[in-house]
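As C-alpha cells, the structure follows; a few thoughts come after it.
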Amino acid sequence: MPELHDFIDPTKPLALMSTIVVGLMSLATLAVFALGRMKPDKDMTELRLRTRSWWIMAGVFLITVCATDRLTYVLFALMSYMALKEYFTMLPTKAVDRAALFWSYACIPFQYYWAATEWYGMFIIFVPVLLFLFLPFMQILTGETRRFVSRTSVIHWGVMLFVFGLSHLAYLTTIPLRPSAFPHADGRSLLVFLVFITEANDIFQFLCGKTFGRHKISPSVSPNKTWEGFLGGVVLSTGAGALLAFCTPFGIAMSAACGAILACSGFIGDLVVSAIKRDHGVKDSSSAIPGHGGVLDRVDSLCYTAPVFFHLVNYGYAI
Amino acid sequence: MTRLLRMLIHWLVIKPFVNLGFGLSVRGREVLDREGPFVLVSNHNSHLDLIFLLSLFSPTRLHHIRPIGAADYFGRNALTRILTSLIFNALLIQRERKEGEPGALEVMGSELEAGRSLIVFPEGTRGAPEQLGRIRSGASVLLKSHPEARLVMVAMSGLGRSMPKGSFYPVPFICKVTIEEAEQRPDEVAETTALVQGFFTRVLEAEKRENDGW
C-alpha cells in the first residue's frame with residue numbers, strides 16, 4: 001500500500017506522477033474558475049466541459065495504470081475500438097466491405113493479446129503483414145473491384161494507425177528494460193511519461209499558439225497551427241522531459257531529447273489525422289468526449305508518439 | 001422496485017450497449033431537456049430503434065416515458081408483457097377497439113394528461129432499413145386533442161449501415177440522430193402529419209450516405 005511520502009518520492013514514479021498530474025489539473029481548474037469570475041459574460045461551458053473531461057480521462061488512465069496490467073490492456077483495446085469505429089464511420093466505407101470491417105474490429109483483442117503475452121514477433125507482424133495480406137483477400141471474395149485499392153487502403157490504414165499504433169502503449173507496459181542507473185523506472189512509468197508529454201505537448205502548442213502565434217504552419221491542413229505554437233511546444237516538452245526524467249531509465253539529457261522527439265512526432269500525428277478529417281469535411285470525429293470531440297481527436301498524437309517512443313526504448317534500453 | 005430495476009438495466013446494459021457497441025451522434029439534444037410532456041415521433045427501420053431512443057434519456061426519466069406498442073404482438077404472452085413493461089415501460093395498445101373499453105387515443109391521451117410522455121412510430125411498422133414508409137395520422141389526431149403536449153420529432157439514420165437487410169452480424173458504426181421540436185403546431189391533423197413527413201424526408205435525404213454510391 002502506498003504511503004503518504006511516496007507521493008513526493010522520485011523513486012516512486014507512478015505516485016509522484018499522480019501528484020504532479022492532480023496538482024497541475026487543480027491549477028488549471030482554478031484558472032478556468034478565475035477566468036469565469038473575471039469575465040462573467042464569456043461563455044465558459046466549453047472550457048468547463050473540457051476541464052471536466054480532462055479530470056475523468058486522467059483519473060481513469062492513472063488509476064488503471066497503477067492498478068493492474070490487465071486492466072491497462074483492456075483500456076487501450078477499448079480506446080483502439082472507439083477510435084477505429086469513429087474512423088470507419090467518418091470515412092466512406094462501403095457496405096460491400098462489411099466482412100473486412102468486421103475482421104478489422106475482431107483483430108483488436110488479438111493484437112492486444114500478443115502485447116499482453118509479450119509475443120513480440122507476432123505483435124510486430126500481425127497488422128503490418130498478416131492483416132495486410134488477409135483483409136484484401138476478404139474484399140476480393142465479394143467480387144467488387146471498383147475503387148479496390150482505395151477501399152482496401154482505407155481499411156488497412158485505419159487498422160495500422162488505431163490498432164497497431166495504439167497497441168504499442170500496451171506493450172510498453174511490460175517492456176523488459178536493461179539494468180540501468182535508474183532501477184525504479186519501468187514500463188509503466190515510461191507509459192505515463194509518454195502519455196503525459198504527448199498530451200501536455202498538445203496543450204503547450206495550443207497555449208503558445210494562442211499567445212504568440214503568427215506564422216501559420218500548414219493552413220490547408222490545420223488552420224490553427226502556427227510555427228510559434230509548434231516550436232513553443234517543442235521547447236516546453238523538452239523541459240517537461242527533463243523534469244520527468246525520474247520516470248525513465250535514461251538520464252536527464254536523453255529524457256529531454258525524448259520530450260522534443262515526442263513533441264515533433266505528436267505534432268505530425270495531429271496533422272495527419274487533421275488531414276483525414278479535412279478530407280471529409282469533419283471538424284470533430286464524434287462527440288464522445290464532452291469539450292474535446294471524439295476519442296480519435298484525443299489519441300491522434302498518440303498514434304504517432306506511441307510507436308516512435310516504444311521502438312526508441314526497445315532499441316536503446318530494452319533487453 | 002420496477003423503476004429501480006429498469007434504471008439499472010438501462011445504466012448497466014442498454015446505455016453501454018448503445019454507446020460502446022454503436023455510438024450516437026446527436027443533434028438537438030437540448031430539445032429533450034425541456035419541460036413538459038411530449039409526443040415523440042420517430043422513424044422505424046430496425047429492432048433496435050426503441051433501445052437507441054430510450055438511451056437518449058437519463059434512466060431516471062424513464063418512468064415518465066411510455067413507448068406505444070401493439071398489444072397483439074408485444075403483449076402476446078405473459079413473458080413479452082413483463083419484458084416490454086419492465087425494460088421499456090411500454091404502453092400496449094389494442095389495434096382494434098373493443099366494446100366498452102377505452103380506445104387507443106383515449107388511453108394515450110390520459111397518459112399525456114397525467115404528465116407522462118409518449119414515443120410513437122408513425123410508420124406503423126418497421127420499414128426496410130434506411131427507407132421511409134408512409135406516415136400514419138394517429139399521432140397527429142392525438143396531438144390535435146392535446147395542444148399542450150409538445151411535438152418532438154426524431155430521425156435516426158445509420159442503423160442500416162450497421163446491419164443491412166439480409167446480414168446476420170452487425171458492424172459497429174456511429175448512428176446519426178436529429179431531434180427537432182415543432183415550434184408552430186398546425187391546427188389540422190393533415191398539416192401535422194405533413195409536418196412530420198416533411199421533417200423525416202428533409203433530414204433523412206440529407207443524411208443519405210454517399211458511401212453507398214460510387
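Quick note on naming: the chains in the C-alpha cells go A, B, ... in the order shown, residues restart at 1 in each chain, and ligands are numbered from 1 in order of appearance.
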
Residues of segment 45-195 of chain B in strand (DSSP E), written as an NGL selection string = :B and (65-70 or 91-93 or 117-120 or 150-157 or 175-181)

Dump N, CA and C atoms for the selected residues as a compact mmCIF listing (two decimals), in the first residue's frame?
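File produced: result-v6.txt:
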```
# COMPACT_ATOMS: atom_id res chain seq x y z
N ILE B 65 -41.81 8.10 -19.40
CA ILE B 65 -41.85 7.99 -20.86
C ILE B 65 -42.41 6.64 -21.25
N ARG B 66 -43.46 6.67 -22.09
CA ARG B 66 -44.12 5.43 -22.44
C ARG B 66 -44.13 5.22 -23.94
N PRO B 67 -43.32 4.28 -24.44
CA PRO B 67 -43.40 3.95 -25.86
C PRO B 67 -44.69 3.18 -26.14
N ILE B 68 -45.26 3.44 -27.31
CA ILE B 68 -46.51 2.78 -27.68
C ILE B 68 -46.19 1.54 -28.49
N GLY B 69 -46.81 0.42 -28.13
CA GLY B 69 -46.60 -0.81 -28.88
C GLY B 69 -47.93 -1.51 -29.10
N ALA B 70 -47.94 -2.42 -30.06
CA ALA B 70 -49.18 -3.15 -30.36
C ALA B 70 -49.35 -4.28 -29.37
N LEU B 91 -46.51 1.12 -23.31
CA LEU B 91 -47.97 1.18 -23.19
C LEU B 91 -48.50 0.38 -24.38
N LEU B 92 -49.10 -0.77 -24.08
CA LEU B 92 -49.55 -1.64 -25.17
C LEU B 92 -50.98 -1.28 -25.54
N ILE B 93 -51.21 -1.12 -26.82
CA ILE B 93 -52.49 -0.63 -27.32
C ILE B 93 -53.15 -1.71 -28.16
N SER B 117 -44.96 11.23 -21.04
CA SER B 117 -44.69 11.45 -22.46
C SER B 117 -44.80 10.14 -23.22
N LEU B 118 -45.01 10.26 -24.53
CA LEU B 118 -45.19 9.07 -25.35
C LEU B 118 -44.16 9.00 -26.46
N ILE B 119 -43.84 7.78 -26.87
CA ILE B 119 -42.99 7.57 -28.05
C ILE B 119 -43.81 6.78 -29.06
N VAL B 120 -43.93 7.34 -30.27
CA VAL B 120 -44.78 6.73 -31.30
C VAL B 120 -43.96 6.56 -32.57
N ARG B 150 -46.01 18.76 -26.26
CA ARG B 150 -45.04 19.17 -27.28
C ARG B 150 -44.90 18.08 -28.33
N LEU B 151 -44.57 18.49 -29.54
CA LEU B 151 -44.30 17.52 -30.59
C LEU B 151 -42.80 17.48 -30.83
N VAL B 152 -42.17 16.35 -30.48
CA VAL B 152 -40.73 16.19 -30.66
C VAL B 152 -40.52 15.20 -31.80
N MET B 153 -39.76 15.61 -32.80
CA MET B 153 -39.54 14.73 -33.95
C MET B 153 -38.09 14.25 -33.95
N VAL B 154 -37.90 12.96 -34.12
CA VAL B 154 -36.56 12.38 -34.10
C VAL B 154 -36.36 11.55 -35.35
N ALA B 155 -35.27 11.81 -36.06
CA ALA B 155 -34.93 10.99 -37.22
C ALA B 155 -33.61 10.29 -36.94
N MET B 156 -33.59 8.99 -37.09
CA MET B 156 -32.37 8.22 -36.84
C MET B 156 -31.89 7.60 -38.16
N SER B 157 -30.60 7.71 -38.41
CA SER B 157 -30.08 7.06 -39.61
C SER B 157 -28.76 6.42 -39.27
N CYS B 175 -24.31 6.05 -35.20
CA CYS B 175 -25.56 6.42 -35.87
C CYS B 175 -25.88 7.90 -35.63
N LYS B 176 -26.57 8.48 -36.60
CA LYS B 176 -26.91 9.90 -36.51
C LYS B 176 -28.33 10.06 -36.02
N VAL B 177 -28.50 10.92 -35.04
CA VAL B 177 -29.84 11.20 -34.52
C VAL B 177 -30.08 12.70 -34.61
N THR B 178 -31.19 13.09 -35.25
CA THR B 178 -31.53 14.51 -35.34
C THR B 178 -32.85 14.73 -34.61
N ILE B 179 -32.84 15.67 -33.68
CA ILE B 179 -34.02 15.93 -32.86
C ILE B 179 -34.49 17.35 -33.09
N GLU B 180 -35.77 17.50 -33.40
CA GLU B 180 -36.32 18.86 -33.54
C GLU B 180 -37.67 18.91 -32.85
N GLU B 181 -38.02 20.09 -32.39
CA GLU B 181 -39.34 20.27 -31.82
C GLU B 181 -40.15 21.15 -32.76
```

What lies within 8 Å of segment 130-146 of chain B using only C-alpha atoms, ignoring chain neighbours under 6 positions off, as a ChimeraX atom specification?
-> /B:39,41,43,45,105,108-109,112,120,122-124,157-160,187-190,192-193,196-197,200-201

Counting only C-alpha atoms, which residues from chain B have an atom at most 12 Å from any atom of chain A, and could you show them as a VMD selection string?
-> chain B and resid 19 to 27 29 158 to 176 208 to 214

Neighbours of Lys277 of chain A within 10 Å (only C-alpha atoms; same-chain residues fewer than 4 positions away dropped), as number ranges by chain?
-> A: 87, 90-91, 221-222, 271-273, 281-285, 297

Please return as a VMD selection string: the residues of segment 32-88 of chain B that backbone DSSP assigns to alpha helix (DSSP H).
-> chain B and resid 32 to 33 49 to 54 71 to 74 78 to 83

Identify, on the basis of only C-alpha atoms, every residue whose closest approach to Val192 of chain A does not exceed 8 Å; exclude the query and any residue fewer than 4 positions from it along the same chain; express the result as a PDB file with all heavy atoms, in the first residue's frame.
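The resulting file, around-v4.pdb, is shown below:
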```
ATOM      1  N   LEU A  14       5.225   6.439 -10.333  1.00  0.00           N
ATOM      2  CA  LEU A  14       3.788   6.483 -10.570  1.00  0.00           C
ATOM      3  C   LEU A  14       3.091   7.372  -9.546  1.00  0.00           C
ATOM      4  O   LEU A  14       2.220   8.174  -9.889  1.00  0.00           O
ATOM      5  CB  LEU A  14       3.192   5.071 -10.530  1.00  0.00           C
ATOM      6  CG  LEU A  14       3.544   4.167 -11.707  1.00  0.00           C
ATOM      7  CD1 LEU A  14       2.897   2.810 -11.546  1.00  0.00           C
ATOM      8  CD2 LEU A  14       3.117   4.799 -13.016  1.00  0.00           C
ATOM      9  N   MET A  17       4.017  11.015 -10.235  1.00  0.00           N
ATOM     10  CA  MET A  17       3.310  11.495 -11.429  1.00  0.00           C
ATOM     11  C   MET A  17       1.859  11.789 -11.092  1.00  0.00           C
ATOM     12  O   MET A  17       1.301  12.771 -11.576  1.00  0.00           O
ATOM     13  CB  MET A  17       3.369  10.461 -12.562  1.00  0.00           C
ATOM     14  CG  MET A  17       4.639  10.476 -13.375  1.00  0.00           C
ATOM     15  SD  MET A  17       5.093  12.099 -13.998  1.00  0.00           S
ATOM     16  CE  MET A  17       3.809  12.427 -15.182  1.00  0.00           C
ATOM     17  N   LEU A  62      -4.695   7.037 -14.960  1.00  0.00           N
ATOM     18  CA  LEU A  62      -3.746   6.812 -13.866  1.00  0.00           C
ATOM     19  C   LEU A  62      -4.171   5.648 -12.979  1.00  0.00           C
ATOM     20  O   LEU A  62      -3.361   4.800 -12.613  1.00  0.00           O
ATOM     21  CB  LEU A  62      -3.605   8.081 -13.034  1.00  0.00           C
ATOM     22  CG  LEU A  62      -2.702   9.144 -13.649  1.00  0.00           C
ATOM     23  CD1 LEU A  62      -2.782  10.427 -12.844  1.00  0.00           C
ATOM     24  CD2 LEU A  62      -1.253   8.655 -13.709  1.00  0.00           C
ATOM     25  N   ARG A 188       5.698   0.843 -16.893  1.00  0.00           N
ATOM     26  CA  ARG A 188       4.526   1.630 -16.549  1.00  0.00           C
ATOM     27  C   ARG A 188       4.869   3.111 -16.385  1.00  0.00           C
ATOM     28  O   ARG A 188       4.123   3.989 -16.830  1.00  0.00           O
ATOM     29  CB  ARG A 188       3.861   1.088 -15.285  1.00  0.00           C
ATOM     30  CG  ARG A 188       3.339  -0.325 -15.487  1.00  0.00           C
ATOM     31  CD  ARG A 188       2.476  -0.795 -14.356  1.00  0.00           C
ATOM     32  NE  ARG A 188       3.146  -0.684 -13.081  1.00  0.00           N
ATOM     33  CZ  ARG A 188       2.548  -0.807 -11.905  1.00  0.00           C
ATOM     34  NH1 ARG A 188       1.228  -1.023 -11.876  1.00  0.00           N
ATOM     35  NH2 ARG A 188       3.207  -0.710 -10.790  1.00  0.00           N
ATOM     36  N   PHE A 196       1.770  11.504 -20.779  1.00  0.00           N
ATOM     37  CA  PHE A 196       1.758  12.855 -20.203  1.00  0.00           C
ATOM     38  C   PHE A 196       2.384  13.858 -21.160  1.00  0.00           C
ATOM     39  O   PHE A 196       1.809  14.912 -21.449  1.00  0.00           O
ATOM     40  CB  PHE A 196       2.513  12.860 -18.872  1.00  0.00           C
ATOM     41  CG  PHE A 196       2.530  14.212 -18.210  1.00  0.00           C
ATOM     42  CD1 PHE A 196       1.492  14.604 -17.381  1.00  0.00           C
ATOM     43  CD2 PHE A 196       3.574  15.103 -18.436  1.00  0.00           C
ATOM     44  CE1 PHE A 196       1.498  15.849 -16.777  1.00  0.00           C
ATOM     45  CE2 PHE A 196       3.583  16.351 -17.848  1.00  0.00           C
ATOM     46  CZ  PHE A 196       2.535  16.734 -17.010  1.00  0.00           C
ATOM     47  N   CYS A 247      10.940   9.250 -14.383  1.00  0.00           N
ATOM     48  CA  CYS A 247      10.084   8.169 -14.888  1.00  0.00           C
ATOM     49  C   CYS A 247      10.840   7.233 -15.820  1.00  0.00           C
ATOM     50  O   CYS A 247      10.316   6.188 -16.206  1.00  0.00           O
ATOM     51  CB  CYS A 247       8.920   8.750 -15.694  1.00  0.00           C
ATOM     52  SG  CYS A 247       7.741   9.643 -14.707  1.00  0.00           S
TER      53      CYS A 247
END
```

Fewer than 6 positions away in the same chain doesn't count, so skip those; otherwise give me all residues within 9 Å of His10 of chain B, counting only C-alpha atoms, as a list in words.
-> Pro16, Leu54, Ser55, Ser58, Pro59 and Ile87 of chain B

Atoms kept (N, CA and C atoms) for selection, written as an mmCIF file, in the first residue's frame:
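Output (out.cif):
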```cif
data_model
loop_
_atom_site.group_PDB
_atom_site.id
_atom_site.type_symbol
_atom_site.label_atom_id
_atom_site.label_comp_id
_atom_site.auth_asym_id
_atom_site.auth_seq_id
_atom_site.Cartn_x
_atom_site.Cartn_y
_atom_site.Cartn_z
ATOM 1 N N PRO B 16 -24.475 1.144 -22.130
ATOM 2 C CA PRO B 16 -23.185 0.671 -22.660
ATOM 3 C C PRO B 16 -23.318 0.000 -24.016
ATOM 4 N N LEU B 54 -34.468 5.325 -26.266
ATOM 5 C CA LEU B 54 -34.523 5.406 -24.807
ATOM 6 C C LEU B 54 -33.165 5.743 -24.217
ATOM 7 N N SER B 55 -32.080 5.324 -24.893
ATOM 8 C CA SER B 55 -30.757 5.623 -24.342
ATOM 9 C C SER B 55 -30.432 7.111 -24.417
ATOM 10 N N SER B 58 -31.934 10.211 -19.627
ATOM 11 C CA SER B 58 -31.378 9.730 -18.385
ATOM 12 C C SER B 58 -32.321 8.670 -17.828
ATOM 13 N N PRO B 59 -31.789 7.553 -17.348
ATOM 14 C CA PRO B 59 -32.659 6.478 -16.850
ATOM 15 C C PRO B 59 -33.628 6.928 -15.756
ATOM 16 N N ILE B 87 -38.588 -3.338 -19.222
ATOM 17 C CA ILE B 87 -37.446 -2.704 -19.869
ATOM 18 C C ILE B 87 -37.837 -1.373 -20.519
#
```

Give me the residues within 8 Å of Tyr304 of chain A as a PyMOL selection string, counting only C-alpha atoms and dropping any in the same chain fewer than 3 places off.
-> chain A and resi 161+165+265-266+268-269+300-301+307-308

Using only C-alpha atoms, which protein or nucleic acid residues come within 9 Å of segment 123-131 of chain A? Drop anything in the same chain fewer than 3 positions from it, and give the result as an mmCIF file with C-alpha atoms, in the first residue's frame.
```cif
data_model
loop_
_atom_site.group_PDB
_atom_site.id
_atom_site.type_symbol
_atom_site.label_atom_id
_atom_site.label_comp_id
_atom_site.auth_asym_id
_atom_site.auth_seq_id
_atom_site.Cartn_x
_atom_site.Cartn_y
_atom_site.Cartn_z
ATOM 1 C CA TRP A 103 -12.362 -8.614 -39.190
ATOM 2 C CA SER A 104 -10.662 -5.269 -38.547
ATOM 3 C CA CYS A 107 -8.300 -8.308 -34.684
ATOM 4 C CA PHE A 110 -5.683 -10.479 -30.748
ATOM 5 C CA GLN A 111 -3.240 -7.599 -31.170
ATOM 6 C CA TYR A 112 -3.563 -6.721 -27.508
ATOM 7 C CA TYR A 113 -3.226 -10.361 -26.547
ATOM 8 C CA TRP A 114 0.141 -10.563 -28.343
ATOM 9 C CA ALA A 115 1.162 -7.476 -26.380
ATOM 10 C CA GLU A 118 4.846 -10.313 -24.763
ATOM 11 C CA TRP A 119 4.980 -12.279 -28.014
ATOM 12 C CA TYR A 120 6.934 -9.602 -29.826
ATOM 13 C CA PHE A 134 -5.664 -11.092 -45.251
ATOM 14 C CA LEU A 135 -8.032 -8.107 -45.423
ATOM 15 C CA PRO A 136 -7.778 -7.538 -49.203
ATOM 16 C CA HIS A 156 -5.804 -1.245 -43.529
ATOM 17 C CA VAL A 159 -6.105 -0.578 -38.508
ATOM 18 C CA MET A 160 -2.413 0.400 -38.708
ATOM 19 C CA VAL A 163 -4.849 -0.671 -33.595
ATOM 20 C CA PHE A 164 -1.186 -1.275 -34.401
ATOM 21 C CA SER A 167 -1.243 -1.140 -29.115
ATOM 22 C CA TYR A 171 3.383 -3.406 -24.941
#
```

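The two atoms in question, atom CA of Thr29 of chain A and atom CA of Leu207 of chain A, are spaced 15.4 Å apart.
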
Nearest to Gly229 of chain A by atom-to-atom distance, counting only C-alpha atoms, from A:Pro13, A:Gly241, A:Pro2, A:Gly209 =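 The closest residue to Gly229 of chain A is A:Gly209.
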
Just how far from atom CA of Leu71 of chain A is atom CA of Leu262 of chain A, in Å to one decimal?
->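 Going from atom CA of Leu262 of chain A over to atom CA of Leu71 of chain A, I get 25.2 Å.
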